[in-house]
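*Asks:* Pasting my_file.csv here (CSV, C-alpha atoms and all ligand atoms):
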```
chain,number,residue,atom,x,y,z
A,1,MET,CA,-4.8,59.9,36.3
A,2,ILE,CA,-6.3,58.5,33.1
A,3,ARG,CA,-8.0,60.7,30.5
A,4,GLY,CA,-10.8,59.7,28.2
A,5,VAL,CA,-11.8,61.8,25.1
A,6,CYS,CA,-14.2,61.4,22.2
A,7,LEU,CA,-13.1,61.5,18.6
A,8,CYS,CA,-13.9,65.2,18.0
A,9,GLY,CA,-12.6,66.3,21.4
A,10,ALA,CA,-15.9,67.8,22.6
A,11,VAL,CA,-16.3,65.3,25.4
A,12,GLU,CA,-13.5,64.8,27.9
A,13,TYR,CA,-13.3,63.2,31.3
A,14,GLN,CA,-10.8,61.8,33.9
A,15,PHE,CA,-10.5,59.0,36.3
A,16,THR,CA,-8.4,59.6,39.4
A,17,ALA,CA,-8.5,56.1,41.0
A,18,PRO,CA,-7.5,52.6,39.6
A,19,PHE,CA,-10.1,50.7,37.5
A,20,THR,CA,-11.7,47.8,39.2
A,21,MET,CA,-13.1,46.0,36.2
A,22,MET,CA,-12.4,45.6,32.5
A,23,MET,CA,-14.6,43.4,30.3
A,24,HIS,CA,-15.2,42.7,26.6
A,25,CYS,CA,-18.9,42.8,25.7
A,26,HIS,CA,-20.3,41.0,22.6
A,27,CYS,CA,-24.0,41.9,23.0
A,28,SER,CA,-25.8,43.1,19.9
A,29,MET,CA,-26.5,46.5,21.4
A,30,CYS,CA,-22.9,47.2,22.1
A,31,ARG,CA,-21.9,45.9,18.6
A,32,LYS,CA,-24.4,48.3,17.0
A,33,HIS,CA,-23.7,51.3,19.2
A,34,HIS,CA,-19.9,51.0,18.8
A,35,GLY,CA,-19.9,49.6,15.3
A,36,ALA,CA,-17.3,47.1,16.6
A,37,VAL,CA,-17.3,43.3,16.8
A,38,PHE,CA,-17.1,43.8,20.6
A,39,ALA,CA,-16.9,46.7,23.0
A,40,THR,CA,-14.6,46.9,26.1
A,41,PHE,CA,-15.5,48.7,29.3
A,42,VAL,CA,-13.6,49.7,32.4
A,43,ALA,CA,-15.3,50.6,35.7
A,44,ALA,CA,-14.0,52.7,38.6
A,45,PRO,CA,-15.6,54.1,41.8
A,46,TYR,CA,-18.0,56.9,40.9
A,47,SER,CA,-16.0,59.3,43.2
A,48,ALA,CA,-13.0,58.8,40.9
A,49,PHE,CA,-14.8,60.2,37.9
A,50,ARG,CA,-14.7,63.9,36.7
A,51,TRP,CA,-16.0,65.7,33.6
A,52,VAL,CA,-13.4,67.9,32.1
A,53,ARG,CA,-15.8,69.2,29.4
A,54,GLY,CA,-18.6,68.4,27.1
A,55,GLU,CA,-21.3,67.0,29.4
A,56,ASP,CA,-23.8,69.1,27.4
A,57,ALA,CA,-22.5,67.6,24.1
A,58,ILE,CA,-23.8,64.2,25.0
A,59,ALA,CA,-26.9,62.7,23.4
A,60,LYS,CA,-28.8,59.9,25.1
A,61,TYR,CA,-30.8,57.0,23.6
A,62,LYS,CA,-33.0,54.8,25.7
A,63,SER,CA,-32.0,51.4,24.4
A,64,SER,CA,-34.1,49.2,26.7
A,65,GLU,CA,-36.3,49.5,29.8
A,66,HIS,CA,-33.2,49.8,32.0
A,67,GLY,CA,-30.5,50.9,29.6
A,68,VAL,CA,-29.5,54.4,28.3
A,69,ARG,CA,-26.8,54.7,25.7
A,70,MET,CA,-24.7,57.9,25.7
A,71,TYR,CA,-22.7,59.3,22.8
A,72,CYS,CA,-21.2,62.5,21.6
A,73,ARG,CA,-23.8,64.2,19.3
A,74,GLN,CA,-21.0,65.6,17.1
A,75,CYS,CA,-18.8,62.6,16.4
A,76,GLY,CA,-20.8,59.6,17.8
A,77,SER,CA,-18.1,58.3,20.2
A,78,VAL,CA,-19.6,56.4,23.0
A,79,ALA,CA,-19.6,58.4,26.3
A,80,PRO,CA,-19.3,57.2,29.9
A,81,THR,CA,-22.2,55.8,31.8
A,82,LEU,CA,-22.5,57.1,35.4
A,83,MET,CA,-24.2,55.0,38.0
A,84,PRO,CA,-24.1,57.0,41.2
A,85,GLU,CA,-26.6,54.7,43.0
A,86,ALA,CA,-24.3,51.8,42.4
A,87,GLY,CA,-21.2,53.9,43.1
A,88,LEU,CA,-19.8,53.2,39.7
A,89,ALA,CA,-18.5,55.0,36.6
A,90,ILE,CA,-18.2,53.0,33.4
A,91,ALA,CA,-16.3,54.1,30.3
A,92,PRO,CA,-15.5,52.6,26.9
A,93,ALA,CA,-11.8,51.7,27.0
A,94,GLY,CA,-11.3,52.7,23.4
A,95,ASN,CA,-11.5,56.4,24.3
A,96,LEU,CA,-8.8,56.2,27.1
A,97,ASP,CA,-5.4,57.7,26.6
A,98,GLY,CA,-2.3,55.7,27.6
A,99,ASP,CA,-2.3,52.6,29.7
A,100,PRO,CA,-5.3,52.1,32.0
A,101,GLY,CA,-3.3,49.9,34.3
A,102,ILE,CA,-5.7,47.0,34.0
A,103,ARG,CA,-6.2,44.2,31.4
A,104,PRO,CA,-9.4,42.6,30.1
A,105,GLN,CA,-10.7,40.0,32.6
A,106,GLY,CA,-13.2,38.2,30.4
A,107,HIS,CA,-15.9,38.2,27.7
A,108,MET,CA,-19.6,38.7,28.3
A,109,PHE,CA,-22.7,38.2,26.2
A,110,VAL,CA,-20.8,35.7,24.0
A,111,GLY,CA,-24.2,34.2,23.4
A,112,SER,CA,-24.9,37.2,21.2
A,113,LYS,CA,-21.5,37.3,19.6
A,114,ALA,CA,-21.2,38.0,15.8
A,115,ALA,CA,-20.9,34.6,14.0
A,116,TRP,CA,-18.3,36.3,11.7
A,117,TYR,CA,-15.9,37.0,14.7
A,118,THR,CA,-13.9,34.3,16.5
A,119,ILE,CA,-12.6,34.8,20.1
A,120,THR,CA,-9.0,33.6,20.1
A,121,ASP,CA,-7.8,34.5,23.6
A,122,SER,CA,-8.1,32.3,26.6
A,123,LEU,CA,-10.0,34.7,28.9
A,124,PRO,CA,-13.2,33.4,30.6
A,125,GLN,CA,-16.3,33.6,28.5
A,126,HIS,CA,-19.8,34.3,29.9
A,127,ALA,CA,-22.9,33.6,27.9
A,128,ALA,CA,-24.6,36.7,29.3
A,129,MET,CA,-23.8,39.2,32.2
A,130,PRO,CA,-21.7,37.5,34.9
A,131,GLN,CA,-23.4,37.0,38.2
A,132,GLU,CA,-20.8,39.2,40.0
A,133,TYR,CA,-22.0,42.1,37.9
A,134,GLY,CA,-25.7,41.5,38.5
A,135,GLY,CA,-26.5,38.8,35.9
A,136,GLY,CA,-29.1,39.4,33.3
A,137,MET,CA,-29.7,38.2,29.7
A,138,GLY,CA,-29.8,41.4,27.6
A,139,VAL,CA,-32.4,42.2,25.0
A,140,ALA,CA,-33.1,39.8,22.2
A,141,ARG,CA,-33.3,41.4,18.7
A,142,PRO,CA,-35.7,40.1,16.1
A,143,ALA,CA,-33.8,37.8,13.8
A,144,VAL,CA,-33.1,39.0,10.2
A,145,ALA,CA,-33.3,36.3,7.6
A,146,GLN,CA,-30.0,35.6,5.8
A,147,ARG,CA,-30.1,36.4,2.1
A,148,GLU,CA,-27.9,34.8,-0.5
A,149,GLY,CA,-25.0,37.0,-1.4
A,150,VAL,CA,-26.2,40.0,0.7
A,151,ALA,CA,-25.2,41.2,4.2
A,152,ASP,CA,-28.0,43.2,6.0
A,153,GLY,CA,-27.3,45.7,8.7
A,154,SER,CA,-29.1,48.2,10.9
A,155,CYS,CA,-28.5,50.7,13.6
A,156,LEU,CA,-29.3,50.3,17.3
A,157,CYS,CA,-32.8,51.8,17.2
A,158,GLY,CA,-33.5,50.1,13.9
A,159,GLU,CA,-34.6,53.2,12.0
A,160,VAL,CA,-31.6,53.0,9.6
A,161,ALA,CA,-31.0,49.8,7.6
A,162,TYR,CA,-28.7,48.9,4.7
A,163,GLU,CA,-27.6,46.1,2.5
A,164,VAL,CA,-24.1,45.3,1.1
A,165,ARG,CA,-23.1,43.0,-1.7
A,166,ALA,CA,-19.7,41.8,-3.0
A,167,PRO,CA,-17.4,43.1,-0.2
A,168,VAL,CA,-13.8,43.3,-1.3
A,169,ARG,CA,-11.9,43.1,2.0
A,170,MET,CA,-12.2,43.1,5.8
A,171,TYR,CA,-9.6,44.3,8.3
A,172,HIS,CA,-9.3,44.7,12.0
A,173,CYS,CA,-7.9,48.3,12.3
A,174,HIS,CA,-6.0,49.3,15.4
A,175,CYS,CA,-5.2,52.9,14.5
A,176,SER,CA,-5.9,55.5,17.3
A,177,ARG,CA,-8.7,57.2,15.2
A,178,CYS,CA,-10.6,54.0,14.7
A,179,ARG,CA,-10.2,53.1,18.4
A,180,ARG,CA,-11.7,56.5,19.4
A,181,ALA,CA,-14.4,56.5,16.7
A,182,ARG,CA,-15.6,53.0,17.7
A,183,SER,CA,-14.8,53.5,21.4
A,184,ALA,CA,-13.4,49.9,21.2
A,185,ALA,CA,-10.1,47.9,21.2
A,186,HIS,CA,-10.1,48.1,17.4
A,187,THR,CA,-12.6,48.4,14.5
A,188,THR,CA,-13.5,45.7,12.1
A,189,ASN,CA,-14.4,47.2,8.8
A,190,MET,CA,-15.5,45.7,5.5
A,191,PHE,CA,-15.1,47.7,2.2
A,192,SER,CA,-17.3,47.6,-0.8
A,193,SER,CA,-17.9,49.8,-3.8
A,194,ILE,CA,-20.8,52.3,-3.7
A,195,ALA,CA,-22.5,50.4,-6.5
A,196,ASP,CA,-22.8,47.4,-4.2
A,197,PHE,CA,-24.3,49.3,-1.3
A,198,ALA,CA,-27.7,50.8,-0.5
A,199,PHE,CA,-29.5,52.3,2.5
A,200,THR,CA,-32.9,50.6,2.6
A,201,ARG,CA,-34.4,52.9,5.1
A,202,GLY,CA,-33.6,55.9,7.3
A,203,GLU,CA,-30.8,57.4,5.3
A,204,GLN,CA,-32.0,60.9,6.3
A,205,LEU,CA,-31.1,60.1,10.0
A,206,VAL,CA,-27.5,59.4,9.1
A,207,THR,CA,-24.9,62.0,9.8
A,208,GLN,CA,-21.1,62.0,9.1
A,209,TYR,CA,-18.3,63.4,11.1
A,210,LYS,CA,-14.9,64.0,9.4
A,211,VAL,CA,-11.8,64.6,11.5
A,212,PRO,CA,-10.8,68.1,10.3
A,213,GLU,CA,-7.0,67.5,10.2
A,214,ALA,CA,-7.4,64.1,8.5
A,215,LEU,CA,-7.2,63.6,4.8
A,216,ARG,CA,-10.3,61.3,4.7
A,217,PHE,CA,-11.0,59.8,8.1
A,218,GLY,CA,-14.6,60.0,9.3
A,219,VAL,CA,-17.5,58.1,10.8
A,220,ALA,CA,-21.2,57.8,10.1
A,221,PHE,CA,-23.9,57.2,12.7
A,222,CYS,CA,-27.6,57.4,13.3
A,223,THR,CA,-28.5,60.7,14.9
A,224,ARG,CA,-31.4,59.1,16.8
A,225,CYS,CA,-29.4,56.3,18.6
A,226,GLY,CA,-25.7,56.9,18.0
A,227,GLY,CA,-25.5,53.5,16.3
A,228,LYS,CA,-22.6,53.3,13.8
A,229,VAL,CA,-23.6,52.8,10.2
A,230,PRO,CA,-21.6,52.5,6.9
A,231,ARG,CA,-19.8,55.6,5.8
A,232,VAL,CA,-20.3,56.4,2.1
A,233,SER,CA,-17.3,58.1,0.5
A,234,ARG,CA,-18.5,59.6,-2.8
A,235,GLU,CA,-15.0,61.0,-3.6
A,236,ARG,CA,-13.4,57.5,-3.3
A,237,GLY,CA,-16.4,55.5,-4.6
A,238,THR,CA,-16.2,53.2,-1.6
A,239,VAL,CA,-18.3,52.3,1.5
A,240,VAL,CA,-16.8,51.4,4.9
A,241,VAL,CA,-19.1,49.0,6.8
A,242,PRO,CA,-18.8,48.5,10.6
A,243,VAL,CA,-18.9,44.7,10.6
A,244,GLY,CA,-20.0,44.5,14.2
A,245,ALA,CA,-23.3,46.2,13.4
A,246,LEU,CA,-24.4,43.7,10.7
A,247,ASP,CA,-27.5,41.6,11.2
A,248,THR,CA,-26.6,38.8,8.8
A,249,ASP,CA,-23.4,37.0,7.9
A,250,PRO,CA,-21.3,38.9,5.3
A,251,GLY,CA,-19.8,35.7,4.0
A,252,MET,CA,-16.3,37.2,4.5
A,253,ARG,CA,-14.0,36.9,7.4
A,254,PRO,CA,-11.3,39.4,8.7
A,255,GLN,CA,-8.1,39.1,6.6
A,256,ALA,CA,-5.5,41.0,8.5
A,257,ASN,CA,-4.7,43.3,11.5
A,258,ILE,CA,-3.7,46.7,10.3
A,259,PHE,CA,-2.1,49.7,12.0
A,260,VAL,CA,-0.9,47.4,14.8
A,261,ALA,CA,2.0,49.8,15.5
A,262,SER,CA,-0.7,52.1,17.1
A,263,LYS,CA,-2.7,49.3,18.9
A,264,ALA,CA,-4.1,49.8,22.4
A,265,PRO,CA,-1.5,48.9,25.1
A,266,TRP,CA,-4.2,46.9,26.9
A,267,PHE,CA,-5.2,44.7,24.0
A,268,ASP,CA,-3.2,41.6,22.8
A,269,ILE,CA,-3.8,40.3,19.3
A,270,THR,CA,-4.2,36.6,19.7
A,271,ASP,CA,-5.5,35.6,16.2
A,272,THR,CA,-3.1,34.2,13.5
A,273,LEU,CA,-4.0,36.8,10.8
A,274,PRO,CA,-1.2,38.7,9.1
A,275,GLN,CA,-0.2,41.9,10.9
A,276,PHE,CA,0.8,45.2,9.3
A,277,ALA,CA,2.4,48.1,11.1
A,278,GLU,CA,0.3,50.5,9.1
A,279,MET,CA,-1.6,49.9,5.8
A,280,PRO,CA,-1.0,46.6,4.0
A,281,PRO,CA,0.7,47.0,0.5
A,282,SER,CA,-2.1,47.3,-2.1
B,1,ZN,ZN,-17.2,64.0,20.0
B,2,ZN,ZN,-22.9,45.0,25.6
B,3,ZN,ZN,-30.7,54.4,15.0
```
When written as structure tokens, how does the structure in this file appear?
Ligand SMILES: [Zn+2]
Ligand SMILES: [Zn+2]
Ligand SMILES: [Zn+2]
*Replies:*
Amino acid sequence: MIRGVCLCGAVEYQFTAPFTMMMHCHCSMCRKHHGAVFATFVAAPYSAFRWVRGEDAIAKYKSSEHGVRMYCRQCGSVAPTLMPEAGLAIAPAGNLDGDPGIRPQGHMFVGSKAAWYTITDSLPQHAAMPQEYGGGMGVARPAVAQREGVADGSCLCGEVAYEVRAPVRMYHCHCSRCRRARSAAHTTNMFSSIADFAFTRGEQLVTQYKVPEALRFGVAFCTRCGGKVPRVSRERGTVVVPVGALDTDPGMRPQANIFVASKAPWFDITDTLPQFAEMPPS
């Protein structure tokens, strides 16, 4: 039995049969909803899925004519998508506990991949949805013009937008909180000072969730769509930006993998960046 749980613990579910599929998705909707450079999903037969609790804690956002995006309204973690007609239950692998007994089989929607992320493994790459999963091209987003020295970002529904200047560092973080918060293999965060960051619209839609037992760890997301947005920490004077949700190139590239001692058992790090068991020395 494999358990999945959101960051705050309100939403919990179980799978009682082996997973039949595990894929990385680079589509812009996943990148914005998760706040990660890619999302990873597992699928199992619908009959193998059970809610433990929190079905009523889930918010839904209709992201396209066919797609509905589910997330915990308290912490923003992405929740499972159930497709009883197709006999399938799909869950974000980042929220699973332990080893799911399956490994990623490929990348999809690499045609919409973030330019500031490079795929370094040797898994098959599909430009869109592979034919065996129904095909399809996804939803094109309006292009945002690149501005000199500025990275622009927005949430999934587009109501929240922001701009970042002068980022100071960018890390892939594999800690268990980041994996749950982003519902992904790892997060990729960029840090800047508050002075170099501004919400340009929709700030009133942003909510923050802080893990009660954590010193500082928290997430920020759009309450309308669940899309992850930068988290402003007034006490530290910094902003943590989910790089996967950006619309334009931040001009910086990931510099290290951190907290690799707690990385997901199903994810292999294949890039050549420095690795730190926890935080890198400052
Ligand atoms: Zn939650
Ligand atoms: Zn996707
Ligand atoms: Zn939104």
*Asks:* Kindly compile the residues surrounding ligand ZN 3 (chain B) within 7 Å, counting all atoms listed in the file, and format them as a ChimeraX atom specification.
*Replies:* /A:155-160,222-227
*Asks:* Which residue gives the smallest distance to ligand ZN 1 (chain B) among A:Arg53, A:Arg169, A:Arg147, A:His174, with all atoms listed in the file counted?
*Replies:* A:Arg53
*Asks:* Residues near Gln275 in chain A, anyone? I mean within 6 Å using all atoms listed in the file, not counting same-chain ones fewer than 4 positions away, as a list in words.
*Replies:*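 Near neighbours after the sequence-gap exclusion: Ala256, Asn257 and Ile258 of chain A.
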*Asks:* Show me which residues sit within 10 Å of ligand ZN 1 (chain B) when counting all atoms listed in the file, and put them as a ChimeraX atom specification.
*Replies:* /A:5-12,54,57-58,71-79,180-181,209
*Asks:* Could you tell me which of A:Gln14, A:Val219, A:Met108, A:Gly35 comes closest to ligand ZN 2 (chain B) if we count only C-alpha atoms and all ligand atoms?
*Replies:*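 Of the candidates, the smallest distance to ligand ZN 2 (chain B) is held by A:Met108.
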*Asks:* Could the residues that lie within 7 Å of ligand ZN 2 (chain B), counting only C-alpha atoms and all ligand atoms, be listed as a count of residues only?
*Replies:* 8
*Asks:* Suppose you want the space between CA of Gln105 in chain A and CA of Met190 in chain A; what is it in Å?
*Replies:*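 Computed distance, CA of Gln105 in chain A to CA of Met190 in chain A, equals 28.1 Å.
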*Asks:* Please indicate the distance in Å from CA of Tyr133 in chain A to CA of Arg103 in chain A, rounded to one decimal place.
*Replies:*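 Here the two named atoms are 17.2 Å from each other.
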*Asks:* Given the choices A:Arg216, A:His24, A:Arg165, A:Arg141, which gets closest to Ser64 in chain A if the distance is worked out from all atoms listed in the file?
*Replies:*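 Nearest candidate to Ser64 in chain A out of A:Arg216, A:His24, A:Arg165, A:Arg141: A:Arg141.
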*Asks:* Provide the CA of Pro265 in chain A to CA of Gly98 in chain A distance in Å, to one decimal place.
*Replies:*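 Going from CA of Pro265 in chain A over to CA of Gly98 in chain A covers 7.3 Å.
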*Asks:* Rank nothing, just name the residue among A:Ile194, A:Ala166, A:Val260, A:Met129 nearest to Leu273 in chain A, using only C-alpha atoms.
*Replies:* A:Val260
*Asks:* With distances taken over all atoms listed in the file, which of A:Val232, A:Met170, A:Leu215, A:Leu123 is nearest to Phe197 in chain A?
*Replies:* A:Val232
*Asks:* Kindly provide, as an NGL selection string, the polymer residues lying within 8 Å of (-10.6, 58.3, 15.1), counting all atoms listed in the file and using the coordinates exactly as they appear in the file.
*Replies:* :A and (7 or 175-182 or 211 or 217-218)
*Asks:* Provide an axis-aligned box for all listed atoms of range 204-211 of chain A, padding each side by 3 Å; report its centre and its edge lengths in Å to one decimal, as JSON.
*Replies:*
```
{"center_x": -21.9, "center_y": 62.0, "center_z": 8.9, "size_x": 26.2, "size_y": 11.2, "size_z": 11.2}
```
*Asks:* Could you tell me which of A:Asp196, A:Asp249, A:Asp121, A:Glu132 comes closest to Ile269 in chain A if we count only C-alpha atoms?
*Replies:* A:Asp121
*Asks:* Determine, counting only C-alpha atoms, which protein, DNA and RNA residues have an atom within 8 Å of an atom of range 233-247 of chain A; residues of the same chain fewer than 3 positions away are not included. Present the result as an MDAnalysis selection string.
*Replies:* chainID A and resid 28 31:38 114 143:144 151:155 187:194 197 228:230 250
*Asks:* Which polymer residues have any atom within 7 Å of an atom of Ala185 in chain A, counting only C-alpha atoms, with same-chain residues fewer than 4 positions away left out, as a list in words?
*Replies:* Thr40, Gly94, Arg179, Ala264 and Phe267 of chain A
*Asks:* Please list as a list of chain:residue names every residue within 9 Å of Gly251 in chain A, counting only C-alpha atoms and excluding residues in the same chain fewer than 3 positions away.
*Replies:*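 Listed by chain and then number, they are A:Trp116, A:Gly149, A:Val150, A:Ala151, A:Pro167, A:Thr248.
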*Asks:* Please, could you write that set of residues out with C-alpha atoms as a PDB file, in the frame of the given file?
*Replies:*
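Result file follows (part-v8.pdb):
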```pdb
ATOM      1  CA  TRP A 116     -18.300  36.300  11.700  1.00  0.00           C
ATOM      2  CA  GLY A 149     -25.000  37.000  -1.400  1.00  0.00           C
ATOM      3  CA  VAL A 150     -26.200  40.000   0.700  1.00  0.00           C
ATOM      4  CA  ALA A 151     -25.200  41.200   4.200  1.00  0.00           C
ATOM      5  CA  PRO A 167     -17.400  43.100  -0.200  1.00  0.00           C
ATOM      6  CA  THR A 248     -26.600  38.800   8.800  1.00  0.00           C
TER       7      THR A 248
END
```
